[in-house]
Structure formats: C-alpha cells, structure tokens
$ cat query19.txt   # compact mmCIF, C-alpha atoms (C1' of nucleotides)
# COMPACT_ATOMS: atom_id res chain seq x y z
CA MET A 1 154.09 -18.10 169.46
CA PRO A 2 156.51 -16.91 172.12
CA HIS A 3 159.40 -18.50 170.28
CA GLU A 4 159.26 -16.08 167.42
CA ALA A 5 161.05 -13.44 169.42
CA LEU A 6 163.74 -15.97 170.24
CA VAL A 7 164.21 -16.74 166.56
CA HIS A 8 164.91 -13.11 165.90
CA GLU A 9 167.29 -12.93 168.81
CA ILE A 10 169.20 -15.88 167.48
CA ARG A 11 169.45 -14.27 164.08
CA ARG A 12 170.70 -11.08 165.66
CA PHE A 13 173.27 -13.05 167.60
CA ASN A 14 174.15 -14.83 164.41
CA ARG A 15 174.96 -11.61 162.62
CA PHE A 16 176.99 -10.39 165.54
CA TYR A 17 178.90 -13.57 166.11
CA THR A 18 179.54 -14.26 162.45
CA ASP A 19 181.10 -10.83 162.19
CA LEU A 20 183.19 -11.44 165.25
CA ILE A 21 184.67 -14.72 164.16
CA GLY A 22 185.11 -13.20 160.74
CA LEU A 23 187.82 -11.09 162.32
CA LEU A 24 189.44 -14.17 163.78
CA ASP A 25 189.19 -15.95 160.47
CA GLU A 26 191.21 -13.18 158.93
CA THR A 27 194.17 -14.08 161.08
CA LEU A 28 193.60 -17.62 160.05
CA MET A 29 193.81 -16.50 156.46
CA GLN A 30 197.22 -15.01 157.14
CA SER A 31 198.36 -18.54 157.80
CA PRO A 32 199.29 -20.70 154.81
CA TYR A 33 196.07 -22.66 155.23
CA THR A 34 192.57 -22.37 153.88
CA LEU A 35 189.76 -22.28 156.40
CA ALA A 36 188.88 -25.82 155.38
CA GLU A 37 192.50 -26.88 155.67
CA ALA A 38 192.78 -25.35 159.10
CA ARG A 39 189.68 -27.20 160.22
CA VAL A 40 191.12 -30.46 158.96
CA LEU A 41 194.36 -29.77 160.76
CA PHE A 42 192.51 -29.02 164.00
CA GLU A 43 190.38 -32.11 163.74
CA LEU A 44 193.37 -34.30 162.96
CA GLY A 45 195.08 -32.93 166.02
CA ARG A 46 192.06 -33.66 168.15
CA LYS A 47 191.68 -37.22 166.99
CA ALA A 48 194.81 -38.56 165.42
CA ARG A 49 197.66 -40.24 167.15
CA PRO A 50 201.13 -39.53 165.84
CA ALA A 51 202.45 -41.66 163.03
CA GLY A 52 204.68 -43.87 165.10
CA GLY A 53 202.32 -43.66 167.97
CA ARG A 54 201.01 -46.40 170.16
CA ALA A 55 197.41 -46.36 171.16
CA GLY A 56 196.76 -45.56 174.79
CA PHE A 57 196.36 -48.37 177.26
CA LEU A 58 192.59 -48.12 177.50
CA ALA A 59 192.22 -47.60 173.81
CA ARG A 60 194.10 -50.83 173.12
CA MET A 61 192.24 -52.75 175.77
CA PHE A 62 188.81 -51.80 174.51
CA HIS A 63 189.75 -51.59 170.86
CA LEU A 64 188.95 -47.92 170.79
CA ASP A 65 190.83 -46.81 167.79
CA LEU A 66 190.83 -43.06 167.88
CA ALA A 67 192.87 -42.66 164.76
CA PRO A 68 190.32 -41.20 162.40
CA VAL A 69 189.36 -42.77 159.13
CA ALA A 70 189.05 -40.50 156.14
CA SER A 71 185.32 -40.93 155.63
CA GLU A 72 184.72 -40.30 159.31
CA LEU A 73 186.53 -37.00 159.12
CA ALA A 74 184.75 -36.03 155.94
CA GLY A 75 181.44 -36.67 157.66
CA GLU A 76 182.25 -34.68 160.75
CA LEU A 77 183.59 -31.70 158.91
CA HIS A 78 180.94 -31.92 156.21
CA LEU A 79 183.54 -31.99 153.52
CA ALA A 80 183.11 -33.81 150.24
CA PRO A 81 185.35 -36.90 150.26
CA ALA A 82 187.02 -35.81 147.07
CA TYR A 83 187.86 -32.47 148.55
CA LEU A 84 189.08 -33.87 151.85
CA LEU A 85 191.38 -36.09 149.91
CA ARG A 86 192.88 -33.14 148.11
CA VAL A 87 193.50 -31.41 151.39
CA LEU A 88 195.11 -34.54 152.79
CA ARG A 89 197.27 -34.90 149.70
CA LYS A 90 198.46 -31.37 150.18
CA PHE A 91 199.27 -32.17 153.79
CA THR A 92 201.14 -35.35 152.98
CA ALA A 93 203.03 -33.52 150.27
CA LYS A 94 204.17 -31.02 152.87
CA GLY A 95 204.99 -33.76 155.32
CA LEU A 96 202.31 -32.74 157.80
CA ALA A 97 200.14 -35.83 157.69
CA GLU A 98 200.19 -39.48 156.75
CA ILE A 99 197.62 -41.74 155.17
CA ARG A 100 198.05 -45.41 155.95
CA ASP A 101 195.99 -48.50 155.37
CA GLY A 102 193.90 -49.39 158.37
CA PRO A 103 193.24 -52.84 159.85
CA LYS A 104 190.08 -53.16 157.85
CA ASN A 105 191.63 -52.70 154.53
CA GLY A 106 189.95 -50.30 152.23
CA LEU A 107 189.76 -47.85 155.08
CA ARG A 108 192.49 -45.31 155.48
CA VAL A 109 193.84 -44.19 158.78
CA LEU A 110 195.03 -40.62 159.18
CA SER A 111 197.67 -39.20 161.40
CA LEU A 112 199.71 -36.10 161.90
CA THR A 113 203.46 -36.28 161.59
CA THR A 114 205.60 -34.61 164.20
CA ARG A 115 205.96 -31.77 161.79
CA GLY A 116 202.19 -31.64 161.39
CA GLU A 117 201.75 -31.40 165.12
CA ALA A 118 204.22 -28.56 165.22
CA ALA A 119 202.28 -26.76 162.52
CA LEU A 120 199.11 -27.29 164.50
CA VAL A 121 200.68 -25.89 167.62
CA ASP A 122 201.69 -22.79 165.69
CA LEU A 123 198.23 -22.35 164.29
CA GLU A 124 196.58 -22.77 167.67
CA ALA A 125 199.00 -20.32 169.20
CA ALA A 126 198.02 -17.73 166.61
CA THR A 127 194.29 -18.10 167.12
CA ASN A 128 194.70 -18.26 170.88
CA ARG A 129 196.68 -15.07 170.80
CA ASP A 130 193.87 -13.37 168.91
CA LEU A 131 191.22 -14.59 171.28
CA ALA A 132 193.32 -13.62 174.25
CA ARG A 133 193.66 -10.12 172.88
CA LEU A 134 189.90 -10.05 172.60
CA VAL A 135 189.05 -11.09 176.14
CA VAL A 136 191.90 -9.45 177.95
CA LYS A 137 189.80 -6.35 178.44
CA LEU A 138 187.28 -8.22 180.53
CA GLU A 139 187.28 -8.06 184.29
CA ASP A 140 187.57 -11.43 185.96
CA LYS A 141 183.95 -11.29 186.94
CA GLU A 142 182.92 -10.53 183.37
CA ALA A 143 185.04 -13.35 182.07
CA ALA A 144 183.25 -15.74 184.37
CA GLU A 145 179.92 -14.39 183.22
CA LEU A 146 180.85 -14.82 179.58
CA SER A 147 182.00 -18.34 180.17
CA ASP A 148 178.74 -19.10 181.90
CA ALA A 149 176.67 -17.53 179.14
CA LEU A 150 178.42 -19.52 176.44
CA ASN A 151 177.96 -22.75 178.35
CA ARG A 152 174.29 -22.09 178.88
CA ALA A 153 173.79 -21.22 175.25
CA THR A 154 175.60 -24.35 174.18
CA ARG A 155 173.61 -26.57 176.48
CA LEU A 156 170.26 -25.11 175.45
CA LEU A 157 171.00 -25.09 171.75
CA ALA A 158 172.28 -28.63 171.98
CA THR A 159 169.19 -29.95 173.70
CA ALA A 160 167.11 -28.07 171.18
CA GLY A 161 169.04 -29.44 168.25
CA MET A 162 169.14 -33.11 169.09
CA MET B 1 196.40 -16.00 183.44
CA PRO B 2 192.81 -16.77 184.31
CA HIS B 3 191.68 -15.85 180.83
CA GLU B 4 193.32 -18.82 179.24
CA ALA B 5 190.49 -21.08 180.26
CA LEU B 6 188.03 -18.64 178.75
CA VAL B 7 189.91 -18.69 175.48
CA HIS B 8 189.47 -22.42 175.31
CA GLU B 9 185.82 -22.16 176.18
CA ILE B 10 185.29 -19.70 173.38
CA ARG B 11 187.01 -22.01 170.95
CA ARG B 12 184.84 -24.86 172.09
CA PHE B 13 181.77 -22.71 171.64
CA ASN B 14 183.09 -21.71 168.27
CA ARG B 15 183.28 -25.29 167.08
CA PHE B 16 179.84 -26.01 168.37
CA TYR B 17 178.18 -22.92 167.02
CA THR B 18 179.90 -23.06 163.66
CA ASP B 19 178.58 -26.56 163.24
CA LEU B 20 175.11 -25.48 164.23
CA ILE B 21 174.82 -22.60 161.81
CA GLY B 22 176.40 -24.85 159.21
CA LEU B 23 173.15 -26.75 159.28
CA LEU B 24 171.22 -23.56 158.76
CA ASP B 25 173.53 -22.52 155.97
CA GLU B 26 172.64 -25.70 154.18
CA THR B 27 169.05 -24.60 153.89
CA LEU B 28 170.36 -21.33 152.64
CA MET B 29 172.28 -23.23 150.01
CA GLN B 30 169.05 -24.81 148.85
CA SER B 31 167.99 -21.34 147.86
CA PRO B 32 169.18 -19.98 144.52
CA TYR B 33 171.65 -17.71 146.34
CA THR B 34 175.22 -17.99 147.43
CA LEU B 35 175.94 -17.29 151.07
CA ALA B 36 177.50 -14.01 150.02
CA GLU B 37 174.50 -13.21 147.85
CA ALA B 38 172.12 -14.00 150.66
CA ARG B 39 174.04 -11.70 152.97
CA VAL B 40 173.86 -8.92 150.39
CA LEU B 41 170.15 -9.49 150.03
CA PHE B 42 169.65 -9.36 153.78
CA GLU B 43 171.69 -6.22 154.14
CA LEU B 44 169.93 -4.53 151.28
CA GLY B 45 166.64 -5.37 152.93
CA ARG B 46 167.83 -3.91 156.20
CA LYS B 47 169.04 -0.69 154.67
CA ALA B 48 167.68 -0.03 151.23
CA ARG B 49 164.55 1.81 150.30
CA PRO B 50 162.72 0.66 147.19
CA ALA B 51 163.28 2.22 143.83
CA GLY B 52 160.26 4.53 144.09
CA GLY B 53 161.87 6.37 146.97
CA ARG B 54 159.67 5.55 149.93
CA ALA B 55 161.11 3.38 152.61
CA GLY B 56 160.23 -0.28 152.31
CA PHE B 57 158.21 -1.95 154.97
CA LEU B 58 161.26 -3.52 156.53
CA ALA B 59 163.09 -0.22 156.54
CA ARG B 60 160.06 1.56 157.96
CA MET B 61 159.61 -1.08 160.57
CA PHE B 62 163.13 -0.56 161.83
CA HIS B 63 163.19 3.17 161.14
CA LEU B 64 166.04 2.81 158.72
CA ASP B 65 165.87 5.30 155.92
CA LEU B 66 169.41 4.72 154.82
CA ALA B 67 169.78 3.98 151.17
CA PRO B 68 173.17 2.29 151.12
CA VAL B 69 175.96 3.23 148.84
CA ALA B 70 177.86 0.41 147.19
CA SER B 71 181.18 1.02 148.93
CA GLU B 72 179.41 1.25 152.28
CA LEU B 73 177.84 -2.14 151.79
CA ALA B 74 181.11 -3.63 150.64
CA GLY B 75 182.76 -2.38 153.78
CA GLU B 76 180.14 -3.69 156.15
CA LEU B 77 179.97 -7.12 154.57
CA HIS B 78 183.72 -7.27 154.04
CA LEU B 79 183.27 -7.98 150.38
CA ALA B 80 185.66 -6.88 147.69
CA PRO B 81 184.07 -4.06 145.68
CA ALA B 82 184.57 -5.97 142.47
CA TYR B 83 182.77 -8.96 143.85
CA LEU B 84 179.93 -6.97 145.36
CA LEU B 85 179.40 -5.42 141.99
CA ARG B 86 179.07 -8.82 140.37
CA VAL B 87 176.50 -9.82 142.91
CA LEU B 88 174.59 -6.62 142.33
CA ARG B 89 174.76 -7.11 138.59
CA LYS B 90 173.27 -10.54 139.04
CA PHE B 91 170.53 -9.05 141.17
CA THR B 92 169.74 -6.30 138.71
CA ALA B 93 169.72 -8.82 135.90
CA LYS B 94 167.09 -10.78 137.79
CA GLY B 95 165.16 -7.65 138.59
CA LEU B 96 165.76 -7.87 142.32
CA ALA B 97 167.77 -4.72 142.84
CA GLU B 98 168.55 -1.39 141.25
CA ILE B 99 171.70 0.69 141.05
CA ARG B 100 171.15 4.41 140.60
CA ASP B 101 173.35 7.45 140.72
CA GLY B 102 173.27 9.11 144.08
CA PRO B 103 173.15 12.84 144.88
CA LYS B 104 176.89 12.98 145.09
CA ASN B 105 177.59 11.66 141.70
CA GLY B 106 180.16 8.98 141.45
CA LEU B 107 178.45 7.21 144.30
CA ARG B 108 175.85 4.61 143.57
CA VAL B 109 172.71 4.15 145.57
CA LEU B 110 171.30 0.69 145.94
CA SER B 111 167.76 -0.44 146.39
CA LEU B 112 165.63 -3.51 146.27
CA THR B 113 162.81 -3.71 143.78
CA THR B 114 159.43 -4.93 144.92
CA ARG B 115 160.41 -8.25 143.49
CA GLY B 116 163.64 -8.16 145.43
CA GLU B 117 161.77 -7.56 148.66
CA ALA B 118 159.53 -10.49 147.88
CA ALA B 119 162.58 -12.68 147.35
CA LEU B 120 163.98 -11.47 150.64
CA VAL B 121 160.75 -12.27 152.45
CA ASP B 122 160.87 -15.78 151.05
CA LEU B 123 164.44 -16.24 152.13
CA GLU B 124 163.81 -14.96 155.62
CA ALA B 125 160.79 -17.20 155.92
CA ALA B 126 162.93 -20.21 155.08
CA THR B 127 165.64 -19.45 157.61
CA ASN B 128 163.08 -18.49 160.24
CA ARG B 129 161.32 -21.78 159.70
CA ASP B 130 164.58 -23.63 160.28
CA LEU B 131 165.36 -21.73 163.43
CA ALA B 132 161.83 -22.19 164.68
CA ARG B 133 162.13 -25.93 164.17
CA LEU B 134 165.31 -25.77 166.21
CA VAL B 135 163.95 -23.94 169.22
CA VAL B 136 160.45 -25.35 169.27
CA LYS B 137 161.62 -28.12 171.54
CA LEU B 138 162.53 -25.69 174.28
CA GLU B 139 160.27 -25.04 177.23
CA ASP B 140 159.29 -21.43 177.64
CA LYS B 141 161.58 -21.10 180.57
CA GLU B 142 164.47 -22.54 178.61
CA ALA B 143 163.76 -20.20 175.72
CA ALA B 144 163.98 -17.24 178.06
CA GLU B 145 167.24 -18.57 179.45
CA LEU B 146 168.71 -19.00 175.98
CA SER B 147 167.68 -15.51 175.00
CA ASP B 148 169.32 -14.18 178.13
CA ALA B 149 172.49 -16.15 177.57
CA LEU B 150 172.85 -14.90 173.99
CA ASN B 151 172.31 -11.32 175.07
CA ARG B 152 174.87 -11.60 177.82
CA ALA B 153 177.39 -13.18 175.49
CA THR B 154 176.82 -10.48 172.91
CA ARG B 155 177.19 -7.70 175.40
CA LEU B 156 180.36 -9.10 176.93
CA LEU B 157 181.98 -9.95 173.63
CA ALA B 158 181.07 -6.53 172.28
CA THR B 159 182.61 -4.67 175.19
CA ALA B 160 185.65 -6.89 174.87
CA GLY B 161 185.94 -6.31 171.17
CA MET B 162 185.62 -2.56 170.96
C1' DA C 1 190.44 27.95 135.66
C1' DT C 2 193.59 24.09 135.53
C1' DC C 3 195.91 20.46 136.74
C1' DA C 4 196.83 16.88 140.03
C1' DA C 5 195.76 13.67 143.48
C1' DA C 6 192.02 10.90 145.54
C1' DT C 7 187.95 8.11 145.82
C1' DG C 8 184.52 5.11 143.95
C1' DA C 9 182.87 2.19 140.30
C1' DT C 10 183.62 -0.99 136.65
C1' DT C 11 185.57 -4.50 133.61
C1' DG C 12 188.14 -8.47 131.86
C1' DA C 13 191.59 -11.72 132.89
C1' DC C 14 192.69 -14.82 136.10
C1' DC C 15 193.05 -18.27 140.19
C1' DA C 16 191.83 -21.61 143.21
C1' DA C 17 188.29 -23.69 146.17
C1' DG C 18 185.10 -27.03 145.82
C1' DT C 19 181.97 -30.32 142.90
C1' DC C 20 180.83 -34.15 139.83
C1' DA C 21 181.04 -38.33 137.69
C1' DA C 22 183.53 -42.05 136.51
C1' DC C 23 186.65 -45.59 138.11
C1' DT C 24 189.44 -48.81 141.36
C1' DA C 25 189.85 -51.69 145.28
C1' DA C 26 188.50 -54.12 149.07
C1' DT C 27 184.82 -56.20 151.75
C1' DA C 28 180.19 -58.14 152.68
C1' DA C 29 176.04 -60.70 151.16
C1' DC C 30 173.83 -64.03 148.84
C1' DG D 1 181.76 -67.47 142.92
C1' DT D 2 179.15 -63.64 141.57
C1' DT D 3 176.96 -59.54 142.85
C1' DA D 4 176.31 -55.58 145.56
C1' DT D 5 178.33 -52.12 148.82
C1' DT D 6 181.36 -49.08 150.84
C1' DA D 7 185.63 -46.36 150.89
C1' DG D 8 188.75 -44.17 148.33
C1' DT D 9 190.80 -41.95 144.27
C1' DT D 10 191.38 -39.22 140.06
C1' DG D 11 190.68 -35.92 136.21
C1' DA D 12 187.63 -32.68 134.24
C1' DC D 13 185.03 -29.06 135.29
C1' DT D 14 182.22 -25.13 137.51
C1' DT D 15 182.12 -21.08 139.86
C1' DG D 16 182.95 -18.19 143.72
C1' DG D 17 186.05 -14.72 144.49
C1' DT D 18 190.55 -11.89 143.50
C1' DC D 19 193.66 -8.71 140.99
C1' DA D 20 195.13 -5.13 138.27
C1' DA D 21 194.11 -1.85 135.04
C1' DT D 22 190.77 1.71 133.63
C1' DC D 23 187.11 5.16 133.70
C1' DA D 24 184.49 8.77 136.12
C1' DT D 25 183.65 12.02 139.44
C1' DT D 26 185.14 14.90 142.94
C1' DT D 27 188.40 17.59 145.80
C1' DG D 28 192.26 20.40 146.67
C1' DA D 29 196.28 23.30 145.39
C1' DT D 30 198.26 26.71 142.81

$ encode --input "query19.txt" --output "structure tokens"
Amino acid sequence: MPHEALVHEIRRFNRFYTDLIGLLDETLMQSPYTLAEARVLFELGRKARPAGGRAGFLARMFHLDLAPVASELAGELHLAPAYLLRVLRKFTAKGLAEIRDGPKNGLRVLSLTTRGEAALVDLEAATNRDLARLVVKLEDKEAAELSDALNRATRLLATAGM
Amino acid sequence: MPHEALVHEIRRFNRFYTDLIGLLDETLMQSPYTLAEARVLFELGRKARPAGGRAGFLARMFHLDLAPVASELAGELHLAPAYLLRVLRKFTAKGLAEIRDGPKNGLRVLSLTTRGEAALVDLEAATNRDLARLVVKLEDKEAAELSDALNRATRLLATAGM
DNA sequence: ATCAAATGATTGACCAAGTCAACTAATAAC
DNA sequence: GTTATTAGTTGACTTGGTCAATCATTTGAT
C-alpha cells in the first residue's frame, strides 16, 4: 500500500512535534498550573462569558448559550468528570472561575471571573512569547510557507479523521 | 509584527494536533504500557542492540549500532533518571530489557531482549494500524500533499528552533 | 599514591495527578 | 407517582513521577 510510507512519515513528525511542544510545555509548567489545568483555563476562556456577562445579541436571539456546561467541557477535553470538578474547585477557590446553576437545573454553567480572565491573559502571553521566540528566526517568506504547511496538514488530517 | 498571526496559527494547529494524537494515545493506553514506558520501549528499539551483541533487525535496518547508556536515554526522553530506572526495572522484571555494565564502568548499557523486541513489534503494529485507519481515506494525491506539508512544517520549525 | 571533586546509578520516602465507585439531585419517561 | 437517566459531587484509593540521600566509579590535582 502506498499509505504505509505516509504512516511512517506521520510517526516521524509525531516524534519531532511532540519534542517541540514538550519545550513549550516546560514553560507552561513554570506557571502555577498543571497542563490539564492550563487546558481548562484556555477552554474556559474560549467559551465562557464573564460572570456578570450578558450574552451577545445573536446568542440571545437564537438561544445560543455559549457558556459551557461542565460535562460539555469534560467531553471536549477528554477529562474525567470527577477530575474536571477538582480542577474547577481549585479555580473557584482561587477566585478564577465560577460554577453556577444553569437554566436546566442539574446542569452547571461555568465562567471565568475577571481575575480568571486576567490569569488567562498572563498565561497566553507567556506561551505566545515562547512561540514568538521560536518563529522570529524565520524570514517572512518562510513564515508564510510554514503557515501554509500547517493549514494543509490540518485540513488533510481533518478530512482523514472525520 | 507579521509573525503574530503565525503564532496564533501554530497554537491553533497545536490544539488540533494534540487532540488528534490524543486519540492515538488512547490506543497506546490500551496496551500494558504507560506513555512514558512506550516511549522508552520505542527508543530502546531505535537504539539498542540485543543482549547477544549483534544489532537487532530494527537497528540494522536503520544502521544504528548505538547501544544507549541510561543517562543518554534519560536525556533524550526528558525523563528523570530515577524514573527511567523504575521503568527499566519493570522491563527487566518482565524480561523485556537488560541492563549491563558498559566498557566504561559506572555506565550502564541497555538492550532489548528478543522478547522485548517482540513486544515492541506488537506495539508498533497497533499504532501503525491506527494511523493507517486514519489516512486510508485519503486519495493518493492527498496523501502526497500531506506528506509534503508535514515535511515542510518539520523543516521550517526545525530551522526556527535551532 | 592519595585524596577530593564529579558523574552516573540506585533506593526509599514521598507527593500529587488522575481514577473509581458510591451517592445525591434534578429531570425525563412511562 | 414510580422508575430510569443524566449530571454532578465526594471520599478513598492507585500509581505515575519527584526528591533527596547514598553508593560506585572515574577523573583530576597535588
């Protein structure tokens, strides 16, 4: 099969890339958060609205509630519910996040506090700084090529995976 | 700076790719090995010669005659020496690997037993099967494109990183 | 030759990340 | 109204991984 070579290429890339992001993870470890905690923080930032926050106009109109429910987050991050809860407890204890009862009771709606958003901004700044240091050596043309390569890879792997 | 957009693209790719290999890791978790253990097994297979002293078929195939020393392996895999040793102990207990004194005494030379190589073959077969299932949906032309994209990304990230 | 750093390996004690199973609470189904 | 389901929650526990102290071998200085 002609795909066998591709399999080996992917594994080679895997080794390479895993090593690379391993370096970035180290900076993440400098932060007061576990890898899992950092992922939760990121995902909350991507999906949650602030505690006091109003839903956006469209969101209200079409009942698109983007504030994530605990189980939803657990599913997306592949975290055991019990463990996610511990992480969230830690966050609430530090005043970074809030857990409130949702409209459908029994469900819990998650949100970042202002302080949580600040923490997220800090964390993103740190990882961005690291990545920036990594790519700063690239010529503009190379940067464009890398961007293109990553997009292609994503698109192809995604169509393969679904 | 024009690189800022690239940084965000890399992070997006990171999320995507991490998720993807997360799926593959799951199959790895089905195996009796930890992720760390699996990595040690892989690396031993890539570098170690079998106990008898001749290079194993994998080593021969890739022209690697390098019997790894414990500290070397710990460095490459970024594992704490103490932890690597535990993994190796587990392997020797199961008859998968051997630890012998090297020429420079004080150093320890590692090798896979025949049984260890068999275990490695099994493990590689499993992960290859998963990857194959992933890419089988690609047209030949797409497969070539993916291969190209991964190679470009590797090259560019490598030159950036070093 | 001898003693002092230095490097690598090893061990036991320890910590914390993550799991498991049992339980509560709210909703949905019949 | 009773049962079954789904989400959440908690405490007990397992185990992956770390830390600090120790042993062993080597290297370098005097």

$ interface_residues --input "query19.txt" --of "chain A" --to "chain B" --cutoff "8 Å" --atoms "only C-alpha atoms" --output "PyMOL selection string"
chain A and resi 2-4+6-7+9-10+13+16-17+128+131-132+134-138+140+142-147+149-154+156-157+159-161

$ write_last_selection --input "query19.txt" --atoms "C-alpha atoms" --output "PDB file, in the frame of the given file"
ATOM      1  CA  PRO A   2     156.510 -16.910 172.120  1.00  0.00           C
ATOM      2  CA  HIS A   3     159.400 -18.500 170.280  1.00  0.00           C
ATOM      3  CA  GLU A   4     159.260 -16.080 167.420  1.00  0.00           C
ATOM      4  CA  LEU A   6     163.740 -15.970 170.240  1.00  0.00           C
ATOM      5  CA  VAL A   7     164.210 -16.740 166.560  1.00  0.00           C
ATOM      6  CA  GLU A   9     167.290 -12.930 168.810  1.00  0.00           C
ATOM      7  CA  ILE A  10     169.200 -15.880 167.480  1.00  0.00           C
ATOM      8  CA  PHE A  13     173.270 -13.050 167.600  1.00  0.00           C
ATOM      9  CA  PHE A  16     176.990 -10.390 165.540  1.00  0.00           C
ATOM     10  CA  TYR A  17     178.900 -13.570 166.110  1.00  0.00           C
ATOM     11  CA  ASN A 128     194.700 -18.260 170.880  1.00  0.00           C
ATOM     12  CA  LEU A 131     191.220 -14.590 171.280  1.00  0.00           C
ATOM     13  CA  ALA A 132     193.320 -13.620 174.250  1.00  0.00           C
ATOM     14  CA  LEU A 134     189.900 -10.050 172.600  1.00  0.00           C
ATOM     15  CA  VAL A 135     189.050 -11.090 176.140  1.00  0.00           C
ATOM     16  CA  VAL A 136     191.900  -9.450 177.950  1.00  0.00           C
ATOM     17  CA  LYS A 137     189.800  -6.350 178.440  1.00  0.00           C
ATOM     18  CA  LEU A 138     187.280  -8.220 180.530  1.00  0.00           C
ATOM     19  CA  ASP A 140     187.570 -11.430 185.960  1.00  0.00           C
ATOM     20  CA  GLU A 142     182.920 -10.530 183.370  1.00  0.00           C
ATOM     21  CA  ALA A 143     185.040 -13.350 182.070  1.00  0.00           C
ATOM     22  CA  ALA A 144     183.250 -15.740 184.370  1.00  0.00           C
ATOM     23  CA  GLU A 145     179.920 -14.390 183.220  1.00  0.00           C
ATOM     24  CA  LEU A 146     180.850 -14.820 179.580  1.00  0.00           C
ATOM     25  CA  SER A 147     182.000 -18.340 180.170  1.00  0.00           C
ATOM     26  CA  ALA A 149     176.670 -17.530 179.140  1.00  0.00           C
ATOM     27  CA  LEU A 150     178.420 -19.520 176.440  1.00  0.00           C
ATOM     28  CA  ASN A 151     177.960 -22.750 178.350  1.00  0.00           C
ATOM     29  CA  ARG A 152     174.290 -22.090 178.880  1.00  0.00           C
ATOM     30  CA  ALA A 153     173.790 -21.220 175.250  1.00  0.00           C
ATOM     31  CA  THR A 154     175.600 -24.350 174.180  1.00  0.00           C
ATOM     32  CA  LEU A 156     170.260 -25.110 175.450  1.00  0.00           C
ATOM     33  CA  LEU A 157     171.000 -25.090 171.750  1.00  0.00           C
ATOM     34  CA  THR A 159     169.190 -29.950 173.700  1.00  0.00           C
ATOM     35  CA  ALA A 160     167.110 -28.070 171.180  1.00  0.00           C
ATOM     36  CA  GLY A 161     169.040 -29.440 168.250  1.00  0.00           C
TER      37      GLY A 161
END

$ interface_residues --input "query19.txt" --of "chain D" --to "chain B" --cutoff "9 Å" --atoms "all atoms listed in the file" --output "list in words"
DG16, DG17, DT18, DA24, DT25 and DT26 of chain D

$ write_last_selection --input "query19.txt" --atoms "C-alpha atoms (C1' of nucleotides)" --output "tab-separated table (two decimals), keeping the file's coordinate frame"
chain	number	residue	atom	x	y	z
D	16	DG	C1'	182.95	-18.19	143.72
D	17	DG	C1'	186.05	-14.72	144.49
D	18	DT	C1'	190.55	-11.89	143.50
D	24	DA	C1'	184.49	8.77	136.12
D	25	DT	C1'	183.65	12.02	139.44
D	26	DT	C1'	185.14	14.90	142.94

$ closest_atom_pairs --input "query19.txt" --of "chain C" --to "chain A" --cutoff "9 Å" --atoms "all atoms listed in the file" --output "Markdown table"
| residue | atom | partner | partner_atom | distance |
| --- | --- | --- | --- | --- |
| C:DA17 | C1' | A:Thr34 | CA | 8.9 |
| C:DG18 | C1' | A:Tyr83 | CA | 6.7 |
| C:DT19 | C1' | A:Ala80 | CA | 8.2 |
| C:DA25 | C1' | A:Gly106 | CA | 7.1 |
| C:DA26 | C1' | A:Gly106 | CA | 5.2 |
| C:DT27 | C1' | A:Gly106 | CA | 7.8 |

$ atom_distance --input "query19.txt" --atom1 "atom CA of A:Glu117" --atom2 "atom C1' of D:DA7"
26.2 Å

$ residues_around --input "query19.txt" --residues "C:DG12" --least-positions-apart "4" --cutoff "12 Å" --atoms "all atoms listed in the file" --output "ChimeraX atom specification"
/B:82 /D:19-22

$ atom_distance --input "query19.txt" --atom1 "atom CA of A:Val109" --atom2 "atom CA of A:Ala70"
6.6 Å
